[in-house]
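K.L.:
Structure file query13.txt (compact mmCIF, C-alpha atoms) right here:
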# COMPACT_ATOMS: atom_id res chain seq x y z
CA MET A 1 -38.12 2.90 1.14
CA LYS A 2 -34.32 2.89 1.30
CA ASN A 3 -34.15 5.01 -1.89
CA ILE A 4 -36.52 7.59 -0.37
CA LYS A 5 -34.26 8.00 2.69
CA ILE A 6 -31.17 8.38 0.51
CA TYR A 7 -33.00 10.82 -1.76
CA SER A 8 -34.29 12.85 1.23
CA THR A 9 -30.85 12.92 2.86
CA THR A 10 -29.26 14.06 -0.39
CA ILE A 11 -31.77 16.90 -0.75
CA ILE A 12 -31.27 18.05 2.84
CA ILE A 13 -27.48 18.04 2.51
CA SER A 14 -27.70 19.91 -0.79
CA LEU A 15 -29.91 22.58 0.73
CA LEU A 16 -27.55 23.00 3.68
CA LEU A 17 -24.56 23.39 1.38
CA LEU A 18 -26.38 25.89 -0.82
CA SER A 19 -27.38 27.95 2.22
CA CYS A 20 -23.71 28.29 3.16
CA LYS A 21 -23.28 30.34 0.01
CA PHE A 22 -25.41 33.08 1.58
CA TYR A 23 -24.41 32.76 5.23
CA ASN A 24 -21.22 32.18 7.12
CA PHE A 25 -20.41 31.68 10.77
CA THR A 26 -19.54 35.34 11.36
CA GLY A 27 -23.08 36.32 10.38
CA THR A 28 -21.97 38.56 7.57
CA GLY A 29 -24.05 36.92 4.85
CA ASP A 30 -23.38 37.94 1.24
CA LEU A 31 -21.27 41.10 1.53
CA LYS A 32 -21.10 41.88 -2.20
CA ALA A 33 -17.55 42.97 -1.47
CA GLU A 34 -14.07 41.55 -1.79
CA THR A 35 -11.92 44.33 -0.32
CA TYR A 36 -12.00 46.78 2.55
CA GLN A 37 -10.01 49.81 3.52
CA VAL A 38 -9.61 51.40 6.94
CA ASN A 39 -8.42 54.98 6.73
CA PHE A 40 -6.43 56.47 9.61
CA PHE A 41 -8.69 57.48 12.52
CA GLN A 42 -7.16 60.77 13.65
CA ASN A 43 -7.54 61.76 17.28
CA SER A 44 -9.66 64.93 17.31
CA ALA A 45 -10.71 64.62 20.95
CA PRO A 46 -10.11 67.58 23.30
CA ILE A 47 -7.53 65.41 25.11
CA VAL A 48 -5.08 63.79 22.70
CA GLU A 49 -3.54 60.54 23.91
CA PRO A 50 -0.40 59.74 21.87
CA GLY A 51 -0.70 56.53 19.86
CA LEU A 52 -4.42 56.09 20.48
CA ASP A 53 -5.24 56.82 16.84
CA ILE A 54 -2.93 54.22 15.30
CA ASP A 55 -3.87 51.62 17.94
CA PHE A 56 -7.57 52.05 17.20
CA THR A 57 -7.05 51.98 13.42
CA ASN A 58 -5.06 48.75 13.73
CA ALA A 59 -7.65 47.18 16.06
CA LEU A 60 -10.44 47.81 13.52
CA GLN A 61 -8.34 46.46 10.64
CA ASP A 62 -7.45 43.35 12.64
CA LEU A 63 -11.03 42.56 13.65
CA ILE A 64 -12.32 42.76 10.07
CA GLN A 65 -9.33 40.75 8.80
CA ASN A 66 -9.90 38.02 11.40
CA GLN A 67 -13.68 37.81 11.01
CA THR A 68 -14.05 37.95 7.22
CA SER A 69 -12.36 36.77 4.07
CA LEU A 70 -12.09 40.35 2.78
CA THR A 71 -8.74 41.65 1.57
CA LEU A 72 -7.31 44.80 3.16
CA VAL A 73 -6.36 47.44 0.58
CA ARG A 74 -4.94 50.97 0.88
CA SER A 75 -7.37 52.57 -1.60
CA ASN A 76 -10.44 51.88 -3.71
CA GLY A 77 -11.88 49.33 -1.28
CA ASP A 78 -15.38 47.98 -1.73
CA LEU A 79 -15.94 48.83 1.95
CA ILE A 80 -14.45 52.00 3.40
CA TYR A 81 -14.14 52.83 7.10
CA GLU A 82 -13.10 56.35 8.03
CA GLY A 83 -13.62 58.79 10.83
CA GLU A 84 -12.01 60.23 13.91
CA ILE A 85 -11.70 59.73 17.63
CA VAL A 86 -13.94 62.45 19.03
CA GLU A 87 -13.95 61.67 22.75
CA TYR A 88 -11.27 60.76 25.27
CA ARG A 89 -12.52 61.58 28.72
CA ILE A 90 -11.74 60.60 32.30
CA SER A 91 -14.49 61.32 34.80
CA PRO A 92 -15.18 60.39 38.43
CA MET A 93 -18.00 57.85 38.78
CA THR A 94 -18.60 57.12 42.44
CA ALA A 95 -17.75 59.07 45.55
CA THR A 96 -16.59 58.03 49.00
CA ALA A 97 -17.93 59.37 52.28
CA ASN A 98 -15.16 61.99 52.16
CA ASN A 99 -16.42 63.32 48.80
CA THR A 100 -13.49 61.95 46.87
CA ALA A 101 -13.71 59.75 43.80
CA ALA A 102 -13.78 56.01 44.51
CA GLN A 103 -13.89 55.06 40.85
CA ASN A 104 -12.98 56.76 37.57
CA ARG A 105 -14.27 56.07 34.07
CA LEU A 106 -12.27 56.35 30.86
CA THR A 107 -14.60 56.91 27.91
CA ILE A 108 -13.53 56.80 24.26
CA GLY A 109 -15.86 57.81 21.43
CA VAL A 110 -15.34 57.33 17.70
CA GLN A 111 -17.26 58.88 14.81
CA VAL A 112 -17.35 56.38 11.92
CA ARG A 113 -18.32 56.92 8.30
CA PHE A 114 -18.90 53.61 6.55
CA THR A 115 -19.22 53.44 2.77
CA HIS A 116 -20.27 50.29 0.92
CA ASN A 117 -19.50 51.04 -2.71
CA ASN A 118 -21.59 48.12 -3.98
CA ARG A 119 -24.59 48.70 -1.68
CA PRO A 120 -24.97 52.42 -0.86
CA GLU A 121 -28.09 51.74 1.23
CA ASP A 122 -25.76 50.23 3.87
CA ASP A 123 -23.73 53.45 4.29
CA PHE A 124 -23.81 55.21 7.67
CA ASP A 125 -22.23 58.00 9.70
CA GLN A 126 -22.50 56.99 13.34
CA ARG A 127 -20.84 57.52 16.71
CA PHE A 128 -19.65 54.55 18.79
CA SER A 129 -18.34 54.75 22.33
CA PHE A 130 -17.50 52.60 25.30
CA PHE A 131 -15.88 52.97 28.70
CA TYR A 132 -13.60 51.32 31.24
CA ASP A 133 -14.02 51.81 35.00
CA TYR A 134 -11.02 51.64 37.32
CA PRO A 135 -10.33 52.48 40.99
CA ALA A 136 -9.56 56.14 41.62
CA SER A 137 -6.56 55.08 43.70
CA THR A 138 -5.03 53.56 40.54
CA GLN A 139 -3.14 55.62 37.99
CA LEU A 140 -4.60 55.33 34.48
CA ALA A 141 -1.14 54.55 33.10
CA SER A 142 -1.08 51.27 35.06
CA VAL A 143 -4.37 50.01 33.54
CA GLN A 144 -4.24 51.87 30.23
CA SER A 145 -3.36 48.92 27.99
CA ILE A 146 -6.13 46.78 29.53
CA ALA A 147 -8.58 49.69 29.28
CA PHE A 148 -7.75 50.35 25.62
CA GLU A 149 -8.05 46.67 24.75
CA GLU A 150 -11.47 46.34 26.39
CA ILE A 151 -12.78 49.58 24.90
CA PHE A 152 -11.42 48.83 21.41
CA ASP A 153 -12.82 45.29 21.51
CA ARG A 154 -16.30 46.63 22.19
CA ILE A 155 -16.23 49.58 19.80
CA THR A 156 -14.74 47.62 16.89
CA LEU A 157 -17.25 44.82 17.41
CA ASP A 158 -20.09 47.35 17.42
CA ILE A 159 -18.73 48.86 14.17
CA PHE A 160 -18.37 45.39 12.64
CA ASN A 161 -21.96 44.50 13.57
CA ALA A 162 -23.35 47.79 12.27
CA SER A 163 -21.53 47.51 8.95
CA LEU A 164 -21.33 43.81 8.15
CA ALA A 165 -23.65 41.70 10.28
CA ASN A 166 -26.85 42.28 8.30
CA TRP A 167 -29.15 39.71 9.82
Go ahead and render the structure in this file as structure tokens.
P.N.:
Amino acid sequence: MKNIKIYSTTIIISLLLLSCKFYNFTGTGDLKAETYQVNFFQNSAPIVEPGLDIDFTNALQDLIQNQTSLTLVRSNGDLIYEGEIVEYRISPMTATANNTAAQNRLTIGVQVRFTHNNRPEDDFDQRFSFFYDYPASTQLASVQSIAFEEIFDRITLDIFNASLANW
């Protein structure tokens, strides 16, 4: 009876360890890739915010670097992220009784082309966007870094999930 418990426990532990080969805690599974490259995301939006392009490119590189064991390369990556910032818009969201804006919304949209050189069926060309709401009485410059961080966090996570989190 004791041998059966030891044998059963050994089998269960072996199966758990083997399953880790195909799954990791980021949910990326078997990527069939060792390297990735993030090309510069140029700002092609009608309103060009200086530095937005490099900040977004770095945010995407950092997320992938922190969530995977992939190596960042400058060219010939197994996974390639490229695209452009296509939307940078500030619009009034809610009005006061005096017909003035009570809240504004900053929206950033990014067109992403993802290429998986080892699994072409995973390739996509897709738009991702997110927004940040702030009081109309506040200047965007005073909340800009917080807004960019929140928007980039969401967009880069959406890109990560679309490209790597194949459940």
K.L.:
Counting only C-alpha atoms, which residue out of A:Val73, A:Ile159, A:Val86, A:Ala95 sits closest to Leu60 in chain A?
P.N.:
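Smallest separation from Leu60 in chain A among the options: A:Ile159.
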K.L.:
Just the residues within 12 Å of Gly77 in chain A, please, counting all atoms listed in the file, with nothing from its chain fewer than 2 positions along; format it as a PyMOL selection string.
P.N.:
chain A and resi 32-39+70-75+79-82+114-118
K.L.:
Please produce a file of the residues just selected, as a PDB file, in the coordinates of the input, where the atoms kept are C-alpha atoms.
P.N.:
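Everything below was put into again.pdb:
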ATOM      1  CA  LYS A  32     -21.100  41.880  -2.200  1.00  0.00           C
ATOM      2  CA  ALA A  33     -17.550  42.970  -1.470  1.00  0.00           C
ATOM      3  CA  GLU A  34     -14.070  41.550  -1.790  1.00  0.00           C
ATOM      4  CA  THR A  35     -11.920  44.330  -0.320  1.00  0.00           C
ATOM      5  CA  TYR A  36     -12.000  46.780   2.550  1.00  0.00           C
ATOM      6  CA  GLN A  37     -10.010  49.810   3.520  1.00  0.00           C
ATOM      7  CA  VAL A  38      -9.610  51.400   6.940  1.00  0.00           C
ATOM      8  CA  ASN A  39      -8.420  54.980   6.730  1.00  0.00           C
ATOM      9  CA  LEU A  70     -12.090  40.350   2.780  1.00  0.00           C
ATOM     10  CA  THR A  71      -8.740  41.650   1.570  1.00  0.00           C
ATOM     11  CA  LEU A  72      -7.310  44.800   3.160  1.00  0.00           C
ATOM     12  CA  VAL A  73      -6.360  47.440   0.580  1.00  0.00           C
ATOM     13  CA  ARG A  74      -4.940  50.970   0.880  1.00  0.00           C
ATOM     14  CA  SER A  75      -7.370  52.570  -1.600  1.00  0.00           C
ATOM     15  CA  LEU A  79     -15.940  48.830   1.950  1.00  0.00           C
ATOM     16  CA  ILE A  80     -14.450  52.000   3.400  1.00  0.00           C
ATOM     17  CA  TYR A  81     -14.140  52.830   7.100  1.00  0.00           C
ATOM     18  CA  GLU A  82     -13.100  56.350   8.030  1.00  0.00           C
ATOM     19  CA  PHE A 114     -18.900  53.610   6.550  1.00  0.00           C
ATOM     20  CA  THR A 115     -19.220  53.440   2.770  1.00  0.00           C
ATOM     21  CA  HIS A 116     -20.270  50.290   0.920  1.00  0.00           C
ATOM     22  CA  ASN A 117     -19.500  51.040  -2.710  1.00  0.00           C
ATOM     23  CA  ASN A 118     -21.590  48.120  -3.980  1.00  0.00           C
TER      24      ASN A 118
END
K.L.:
Give the centre and edge lengths of an axis-aligned box, in Å to one decimal, that holds all listed atoms of range 124-141 of chain A with 3 Å on each side, as JSON.
P.N.:
{"center_x": -12.5, "center_y": 54.7, "center_z": 25.7, "size_x": 28.7, "size_y": 12.7, "size_z": 42.0}
K.L.:
Which residue out of A:Asp125, A:Pro120, A:Glu84, A:Tyr134 has the minimum interatomic distance to Gln103 in chain A when only C-alpha atoms are used?
P.N.:
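Of A:Asp125, A:Pro120, A:Glu84, A:Tyr134, the one nearest Gln103 in chain A, counting only C-alpha atoms, is A:Tyr134.
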K.L.:
Given only C-alpha atoms as the basis, pick out the residue of A:Leu140, A:Ile146, A:Ile64, A:Ala162 nearest to Phe128 in chain A.
P.N.:
A:Ala162
K.L.:
I'd like the neighbourhood of Glu149 in chain A as a list in words, where a residue qualifies if any of its atoms comes within 12 Å (using only C-alpha atoms), though same-chain residues fewer than 4 positions away should be ignored.
P.N.:
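Residues meeting the cut-off are Leu52, Asp55, Phe56, Asn58, Ala59, Leu60, Ile108, Phe130, Phe131, Tyr132, Val143, Gln144, Ser145, Asp153, Arg154, Ile155, Thr156 and Leu157 of chain A.
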K.L.:
Would you work out the distance separating CA of Ile54 in chain A from CA of Gln42 in chain A, expressed in Å to one decimal?
P.N.:
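Value for the CA of Ile54 in chain A-CA of Gln42 in chain A distance: 8.0 Å.
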K.L.:
What's the separation between CA of Leu106 in chain A and CA of Ala141 in chain A, in Å to one decimal place?
P.N.:
11.5 Å
K.L.:
So how far away is CA of Asn161 in chain A from CA of Ser69 in chain A, in Å?
P.N.:
15.6 Å
K.L.:
Taking all atoms listed in the file into account, which of A:Ser129, A:Asn76, A:Thr138, A:Gln67 comes nearest Asn104 in chain A?
P.N.:
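That would be A:Thr138, the residue with the smallest distance to Asn104 in chain A.
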K.L.:
Looking at only C-alpha atoms, which of A:Asn98, A:Ser91, A:Ser142, A:Gln111 is the one that sits closest to Phe124 in chain A?
P.N.:
A:Gln111
K.L.:
Give me, as a count of residues only, all polymer residues having an atom no more than 12 Å from Ile47 in chain A, counting all atoms listed in the file and skipping those fewer than 3 positions away in the same chain.
P.N.:
14
K.L.:
Tell me which of A:Thr100, A:Thr57, A:Asn66, A:Ser163 sits closest to Pro135 in chain A, counting all atoms listed in the file.
P.N.:
A:Thr100
